[in-house]
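J.: Provided below: start-v2.pdb, containing PDB, C-alpha atoms.
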ATOM      1  CA  MET V 966      10.199   8.704-102.345
ATOM      2  CA  ASN V 967       9.929   9.716-106.006
ATOM      3  CA  LYS V 968       9.558  13.371-106.919
ATOM      4  CA  PRO V 969       5.845  14.211-107.113
ATOM      5  CA  LEU V 970       3.942  14.737-110.342
ATOM      6  CA  PRO V 971       1.868  17.918-110.405
ATOM      7  CA  ASP V 972      -1.504  16.136-110.745
ATOM      8  CA  LEU V 973      -2.709  16.786-107.173
ATOM      9  CA  ILE V 974      -1.696  20.446-107.081
ATOM     10  CA  LEU V 975      -3.453  20.983-110.421
ATOM     11  CA  LYS V 976      -6.640  19.426-108.988
ATOM     12  CA  ASN V 977      -6.278  21.761-106.010
ATOM     13  CA  VAL V 978      -6.034  24.781-108.322
ATOM     14  CA  ALA V 979      -8.913  23.515-110.511
ATOM     15  CA  ARG V 980     -11.294  23.743-107.541
ATOM     16  CA  HIS V 981     -11.202  27.523-107.928
ATOM     17  CA  ILE V 982     -10.038  28.406-111.453
ATOM     18  CA  THR V 983      -9.762  26.804-114.892
ATOM     19  CA  MET V 984      -6.455  27.035-116.738
ATOM     20  CA  ASN V 985      -5.802  26.108-120.355
ATOM     21  CA  GLN V 986      -2.863  23.918-121.395
ATOM     22  CA  GLU V 987      -0.489  26.835-121.904
ATOM     23  CA  GLU V 988      -1.369  28.417-118.542
ATOM     24  CA  THR V 989      -1.006  25.062-116.801
ATOM     25  CA  ALA V 990       2.442  24.511-118.335
ATOM     26  CA  CYS V 991       3.505  27.996-117.256
ATOM     27  CA  PHE V 992       2.336  27.398-113.679
ATOM     28  CA  VAL V 993       4.031  23.985-113.439
ATOM     29  CA  SER V 994       7.300  25.436-114.794
ATOM     30  CA  PHE V 995       7.591  27.619-111.666
ATOM     31  CA  LEU V 996       6.983  24.796-109.163
ATOM     32  CA  LYS V 997       9.949  23.317-107.324
ATOM     33  CA  PRO V 998       9.373  19.659-106.293
ATOM     34  CA  LEU V 999      11.085  18.594-103.100
ATOM     35  CA  THR V1000      11.224  15.445-100.982
ATOM     36  CA  VAL V1001      11.639  16.207 -97.294
ATOM     37  CA  PRO V1002      12.857  13.459 -94.924
ATOM     38  CA  LYS V1003      11.122  13.047 -91.558
ATOM     39  CA  LYS V1004      12.197  15.696 -89.002
ATOM     40  CA  GLU V1005      13.921  17.808 -91.696
ATOM     41  CA  PHE V1006      13.119  21.522 -91.975
ATOM     42  CA  ILE V1007      11.893  23.351 -95.055
ATOM     43  CA  GLN V1008      12.085  26.651 -93.185
ATOM     44  CA  LYS V1009      13.723  27.749 -89.949
ATOM     45  CA  GLU V1010      12.854  30.725 -87.794
ATOM     46  CA  GLY V1011      15.010  33.674 -88.829
ATOM     47  CA  GLN V1012      15.519  32.555 -92.443
ATOM     48  CA  LEU V1013      13.984  34.717 -95.159
ATOM     49  CA  CYS V1014      10.535  33.254 -95.869
ATOM     50  CA  ARG V1015      10.732  32.776 -99.636
ATOM     51  CA  TYR V1016       8.276  29.927-100.332
ATOM     52  CA  ILE V1017       4.674  28.883-100.074
ATOM     53  CA  ASN V1018       4.480  25.085 -99.957
ATOM     54  CA  PHE V1019       1.911  22.614-101.252
ATOM     55  CA  VAL V1020       1.871  19.210 -99.559
ATOM     56  CA  HIS V1021       1.659  16.489-102.209
ATOM     57  CA  SER V1022       2.033  13.732 -99.636
ATOM     58  CA  GLY V1023       3.011  13.561 -95.991
ATOM     59  CA  THR V1024       2.550  15.987 -93.101
ATOM     60  CA  LEU V1025       4.270  19.250 -92.174
ATOM     61  CA  ARG V1026       4.149  21.168 -88.894
ATOM     62  CA  ALA V1027       4.662  24.912 -88.437
ATOM     63  CA  TYR V1028       5.630  26.061 -84.954
ATOM     64  CA  TYR V1029       6.802  29.097 -83.025
ATOM     65  CA  THR V1030       9.552  28.850 -80.407
ATOM     66  CA  ASP V1031       9.484  31.358 -77.540
ATOM     67  CA  LYS V1032      12.490  32.745 -75.642
ATOM     68  CA  THR V1033      12.401  29.842 -73.166
ATOM     69  CA  GLY V1034      12.553  27.279 -75.993
ATOM     70  CA  ARG V1035       8.914  26.231 -75.654
ATOM     71  CA  GLU V1036       7.332  25.260 -78.997
ATOM     72  CA  SER V1037       3.769  26.236 -79.907
ATOM     73  CA  THR V1038       2.376  24.427 -82.943
ATOM     74  CA  ILE V1039       0.580  26.933 -85.169
ATOM     75  CA  MET V1040      -0.648  24.520 -87.805
ATOM     76  CA  PHE V1041      -0.279  21.121 -89.404
ATOM     77  CA  ALA V1042      -0.476  20.708 -93.170
ATOM     78  CA  VAL V1043      -1.495  17.360 -94.623
ATOM     79  CA  THR V1044      -1.807  16.095 -98.192
ATOM     80  CA  ASP V1045      -3.533  18.644-100.470
ATOM     81  CA  TRP V1046      -2.909  21.602 -98.104
ATOM     82  CA  TRP V1047      -0.808  24.759 -98.458
ATOM     83  CA  ILE V1048       1.530  26.035 -95.729
ATOM     84  CA  THR V1049       3.872  28.967 -95.141
ATOM     85  CA  ASP V1050       4.615  31.646 -92.570
ATOM     86  CA  MET V1051       1.990  33.879 -94.182
ATOM     87  CA  PHE V1052       2.954  37.273 -92.725
ATOM     88  CA  CYS V1053       6.643  36.783 -93.469
ATOM     89  CA  PHE V1054       6.015  35.279 -96.923
ATOM     90  CA  ILE V1055       3.794  38.162 -98.023
ATOM     91  CA  ASN V1056       6.198  40.764 -96.633
ATOM     92  CA  GLN V1057       9.393  38.864 -97.538
ATOM     93  CA  GLN V1058      10.738  39.004 -93.998
ATOM     94  CA  PRO V1059      12.679  36.563 -91.808
ATOM     95  CA  ALA V1060      10.391  33.737 -90.739
ATOM     96  CA  MET V1061       8.803  33.698 -87.298
ATOM     97  CA  LEU V1062       7.873  30.042 -87.745
ATOM     98  CA  THR V1063       9.843  26.865 -88.281
ATOM     99  CA  ILE V1064       8.299  24.302 -90.649
ATOM    100  CA  GLU V1065       9.371  20.668 -90.361
ATOM    101  CA  ALA V1066       8.313  17.346 -91.863
ATOM    102  CA  VAL V1067       6.425  15.216 -89.340
ATOM    103  CA  GLU V1068       6.907  12.273 -91.711
ATOM    104  CA  GLU V1069       8.694  11.921 -95.029
ATOM    105  CA  SER V1070       6.833  14.325 -97.289
ATOM    106  CA  SER V1071       6.837  15.411-100.904
ATOM    107  CA  ILE V1072       5.982  19.027-101.593
ATOM    108  CA  PHE V1073       5.906  21.668-104.287
ATOM    109  CA  GLN V1074       7.396  25.056-103.463
ATOM    110  CA  LEU V1075       6.537  28.333-105.149
ATOM    111  CA  GLN V1076       8.823  31.296-104.600
ATOM    112  CA  LYS V1077       7.294  34.720-103.848
ATOM    113  CA  ASN V1078       9.005  36.403-106.829
ATOM    114  CA  ASP V1079       7.781  33.629-109.126
ATOM    115  CA  MET V1080       4.259  34.014-107.776
ATOM    116  CA  GLU V1081       4.326  37.694-108.724
ATOM    117  CA  THR V1082       5.565  36.747-112.225
ATOM    118  CA  LEU V1083       2.762  34.180-112.518
ATOM    119  CA  TYR V1084       0.175  36.837-111.628
ATOM    120  CA  LEU V1085       1.284  38.719-114.753
ATOM    121  CA  LYS V1086       1.570  35.672-117.019
ATOM    122  CA  VAL V1087      -1.561  33.873-115.757
ATOM    123  CA  PRO V1088      -3.733  36.573-114.113
ATOM    124  CA  LYS V1089      -6.388  34.087-112.934
ATOM    125  CA  LEU V1090      -3.800  32.633-110.508
ATOM    126  CA  GLU V1091      -4.088  35.855-108.536
ATOM    127  CA  ARG V1092      -7.747  34.943-107.922
ATOM    128  CA  PHE V1093      -6.737  31.423-106.901
ATOM    129  CA  PHE V1094      -4.230  32.592-104.304
ATOM    130  CA  ARG V1095      -6.621  35.269-103.036
ATOM    131  CA  ILE V1096      -9.099  32.468-102.268
ATOM    132  CA  ILE V1097      -6.379  30.353-100.621
ATOM    133  CA  PHE V1098      -5.274  33.293 -98.443
ATOM    134  CA  GLN V1099      -8.884  34.173 -97.553
ATOM    135  CA  ASN V1100      -9.548  30.579 -96.499
ATOM    136  CA  ALA V1101      -6.378  30.568 -94.375
ATOM    137  CA  TYR V1102      -7.432  33.815 -92.679
ATOM    138  CA  VAL V1103     -10.917  32.462 -91.938
ATOM    139  CA  ARG V1104      -9.453  29.202 -90.568
ATOM    140  CA  GLU V1105      -7.074  31.038 -88.233
ATOM    141  CA  GLN V1106      -9.761  33.480 -87.059
ATOM    142  CA  LEU V1107     -12.050  30.559 -86.211
ATOM    143  CA  ARG V1108      -9.210  28.863 -84.358
ATOM    144  CA  VAL V1109      -8.599  31.972 -82.233
ATOM    145  CA  ILE V1110     -12.324  32.256 -81.423
ATOM    146  CA  GLN V1111     -12.489  28.547 -80.563
ATOM    147  CA  GLY V1112      -9.474  29.002 -78.282
ATOM    148  CA  LEU V1113     -11.336  31.759 -76.445
ATOM    149  CA  SER V1114     -14.771  30.166 -76.328
ATOM    150  CA  LEU V1115     -14.405  26.371 -76.240
ATOM    151  CA  SER V1116     -13.099  23.964 -73.644
ATOM    152  CA  ALA V1117      -9.870  22.049 -74.271
ATOM    153  CA  GLU V1118     -11.914  18.881 -74.810
ATOM    154  CA  GLU V1119     -14.076  20.588 -77.447
ATOM    155  CA  ARG V1120     -10.955  21.922 -79.192
ATOM    156  CA  TYR V1121      -9.463  18.408 -79.138
ATOM    157  CA  ASP V1122     -12.641  17.010 -80.750
ATOM    158  CA  ILE V1123     -12.359  19.641 -83.515
ATOM    159  CA  PHE V1124      -8.681  18.727 -83.975
ATOM    160  CA  LEU V1125      -9.577  15.017 -84.329
ATOM    161  CA  ALA V1126     -12.218  15.831 -86.955
ATOM    162  CA  LYS V1127      -9.934  18.202 -88.880
ATOM    163  CA  TYR V1128      -6.712  16.154 -88.748
ATOM    164  CA  PRO V1129      -7.698  12.462 -88.358
ATOM    165  CA  GLN V1130      -4.578  11.254 -90.186
ATOM    166  CA  VAL V1131      -2.268  13.544 -88.182
ATOM    167  CA  VAL V1132      -3.125  12.037 -84.797
ATOM    168  CA  ARG V1133      -1.148   8.884 -85.632
ATOM    169  CA  GLN V1134       1.844  10.831 -87.007
ATOM    170  CA  VAL V1135       2.535  13.431 -84.318
ATOM    171  CA  THR V1136       3.452  13.309 -80.649
ATOM    172  CA  GLN V1137       1.060  14.057 -77.818
ATOM    173  CA  LYS V1138       3.320  17.008 -76.961
ATOM    174  CA  GLN V1139       2.859  18.481 -80.479
ATOM    175  CA  ILE V1140      -0.941  18.070 -80.322
ATOM    176  CA  ALA V1141      -1.006  19.665 -76.857
ATOM    177  CA  SER V1142       1.078  22.615 -78.108
ATOM    178  CA  TYR V1143      -1.408  23.095 -80.973
ATOM    179  CA  LEU V1144      -4.317  23.087 -78.517
ATOM    180  CA  GLY V1145      -2.522  25.403 -76.082
ATOM    181  CA  ILE V1146      -2.584  22.919 -73.204
ATOM    182  CA  THR V1147      -0.039  20.751 -71.399
ATOM    183  CA  PRO V1148       0.653  17.176 -72.543
ATOM    184  CA  GLU V1149      -0.512  16.007 -69.101
ATOM    185  CA  PHE V1150      -3.885  17.735 -69.524
ATOM    186  CA  LEU V1151      -4.253  16.239 -72.997
ATOM    187  CA  SER V1152      -3.481  12.808 -71.533
ATOM    188  CA  MET V1153      -6.294  13.345 -69.012
ATOM    189  CA  ILE V1154      -8.725  14.353 -71.800
ATOM    190  CA  ARG V1155      -7.816  11.253 -73.814
ATOM    191  CA  GLY V1156      -8.216   9.049 -70.742
ATOM    192  CA  ASN V1157     -11.692  10.468 -70.087
ATOM    193  CA  LYS V1158     -12.674   9.804 -73.707
ATOM    194  CA  ARG V1159     -11.588   6.164 -73.446
ATOM    195  CA  LYS V1160     -13.757   5.730 -70.334
ATOM    196  CA  LYS V1161     -16.885   7.027 -72.086
TER     197      LYS V1161
END
Using the file provided, produce a representation of the structure as structure tokens.
T.:
Amino acid sequence: MNKPLPDLILKNVARHITMNQEETACFVSFLKPLTVPKKEFIQKEGQLCRYINFVHSGTLRAYYTDKTGRESTIMFAVTDWWITDMFCFINQQPAMLTIEAVEESSIFQLQKNDMETLYLKVPKLERFFRIIFQNAYVREQLRVIQGLSLSAEERYDIFLAKYPQVVRQVTQKQIASYLGITPEFLSMIRGNKRKK
């Protein structure tokens, strides 16, 4: 996979702010392109969380591993999405989450220190990332409320609508861990859907 060109990330940024040529060049100069093979990690639990990542192509999965070794998928990130361990990135602490490539992926990474430098050099980027962080907070709050108020089948339907391309890339076990149910229960839900 060739290293990505910054066209998609610039379109992502342009949805919220407008940068001139000089500002764009400054922003791009801080981006680190990276190709991540399938099943490789861009962050492991316990490592200092230094980067926020933009998915240029492919799919990433962030998950938490409990003391028994059970994985709980916190989020998937597909093309044109951002992903990090937000709490640990903001506070520059060891990561609570592991982030791996579900398939070969190309990403852009932005280091926390560089982000702070960019806020000074291109102040409008602070507005952009505020919007990105707000959207992430809203998304996670809705997910928690859905987990408390909706059935597993309803949550699965929302997952299918939100991540249609992910369903073919990830295992049933990973989807079940995202939904907070067992793979066996997910299998039953899928079987019932096929019968309808």
J.: Quick one: of V:Val1043, V:Ile1055, V:Ile982, V:Ile974, who's nearest to Phe1093 of chain V, counting only C-alpha atoms?
T.: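 Ranked by minimum distance to Phe1093 of chain V, first place goes to V:Ile982.
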J.: Nearest to Asp1079 of chain V among V:Ser994, V:Thr1024, V:Asn1056, V:Gln1012, with distances taken over only C-alpha atoms: which residue is it?
T.: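 Once distances to Asp1079 of chain V are computed over only C-alpha atoms, the minimum belongs to V:Ser994.
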J.: Under the PyMOL selection byres ((chain V and resi 1000) around 6), which residues of this model are included? Write them out as a PyMOL selection string.
T.: chain V and resi 999+1001+1070-1071
J.: Please measure the separation of atom CA of Gln1057 of chain V and atom CA of Ser1142 of chain V, giving the value in Å to one decimal.
T.: 26.7 Å
J.: With the file shown as input, list the residues that the PyMOL selection byres ((chain V and resi 1014-1017) around 7) selects, as a list in words.
T.: Gln1012, Leu1013, Asn1018, Phe1019, Ile1048, Thr1049, Asp1050, Cys1053, Phe1054, Gln1057, Gln1058, Pro1059, Ala1060, Gln1074, Leu1075, Gln1076 and Lys1077 of chain V
J.: Quick one: residues within 9 Å of Ile1007 of chain V, all atoms listed in the file, excluding same-chain residues fewer than 4 positions away - as a list in words?
T.: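 Counting only the stated atoms, we get Val1001, Thr1063, Ile1064, Glu1065 and Ala1066 of chain V.
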J.: Have a look at V:Leu975, V:Leu1090, V:Met1051, V:Ala1042 and name the one nearest to Pro1129 of chain V; count all atoms listed in the file.
T.: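 Among the listed residues, the smallest separation from Pro1129 of chain V belongs to V:Ala1042.
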J.: Take segment 1076-1094 of chain V from the preceding structure and save N, CA and C atoms as a CSV table (one decimal), in the first residue's frame.
T.:
chain,number,residue,atom,x,y,z
V,1076,GLN,N,0.9,14.1,16.5
V,1076,GLN,CA,1.4,14.0,17.9
V,1076,GLN,C,0.8,15.1,18.7
V,1077,LYS,N,0.6,14.8,20.0
V,1077,LYS,CA,-0.1,15.8,20.9
V,1077,LYS,C,0.7,17.1,21.0
V,1078,ASN,N,2.1,17.0,21.1
V,1078,ASN,CA,2.9,18.2,21.2
V,1078,ASN,C,2.8,19.0,19.9
V,1079,ASP,N,2.7,18.3,18.7
V,1079,ASP,CA,2.6,19.0,17.4
V,1079,ASP,C,1.2,19.7,17.3
V,1080,MET,N,0.2,19.0,17.9
V,1080,MET,CA,-1.1,19.6,17.9
V,1080,MET,C,-1.1,21.0,18.6
V,1081,GLU,N,-0.5,21.0,19.7
V,1081,GLU,CA,-0.4,22.2,20.5
V,1081,GLU,C,0.3,23.3,19.7
V,1082,THR,N,1.4,22.9,19.0
V,1082,THR,CA,2.2,23.9,18.2
V,1082,THR,C,1.3,24.4,17.1
V,1083,LEU,N,0.5,23.5,16.5
V,1083,LEU,CA,-0.4,23.9,15.4
V,1083,LEU,C,-1.5,24.9,15.9
V,1084,TYR,N,-2.0,24.7,17.1
V,1084,TYR,CA,-2.9,25.6,17.7
V,1084,TYR,C,-2.4,27.1,17.7
V,1085,LEU,N,-1.1,27.2,17.9
V,1085,LEU,CA,-0.5,28.5,17.9
V,1085,LEU,C,-0.2,29.0,16.5
V,1086,LYS,N,0.2,28.1,15.6
V,1086,LYS,CA,0.6,28.5,14.2
V,1086,LYS,C,-0.7,28.7,13.3
V,1087,VAL,N,-1.7,27.9,13.6
V,1087,VAL,CA,-2.9,27.9,12.8
V,1087,VAL,C,-4.1,27.8,13.8
V,1088,PRO,N,-4.4,29.0,14.4
V,1088,PRO,CA,-5.4,29.0,15.5
V,1088,PRO,C,-6.8,28.3,15.2
V,1089,LYS,N,-7.2,28.4,13.9
V,1089,LYS,CA,-8.5,27.9,13.5
V,1089,LYS,C,-8.5,26.3,13.7
V,1090,LEU,N,-7.3,25.7,13.7
V,1090,LEU,CA,-7.3,24.2,14.0
V,1090,LEU,C,-7.8,23.9,15.4
V,1091,GLU,N,-7.7,24.8,16.3
V,1091,GLU,CA,-8.2,24.5,17.6
V,1091,GLU,C,-9.7,24.4,17.6
V,1092,ARG,N,-10.4,25.2,16.7
V,1092,ARG,CA,-11.8,25.1,16.5
V,1092,ARG,C,-12.1,23.7,15.9
V,1093,PHE,N,-11.3,23.3,14.9
V,1093,PHE,CA,-11.6,22.1,14.2
V,1093,PHE,C,-11.6,20.9,15.2
V,1094,PHE,N,-10.5,20.8,16.0
V,1094,PHE,CA,-10.4,19.7,16.9
V,1094,PHE,C,-11.4,19.8,18.1
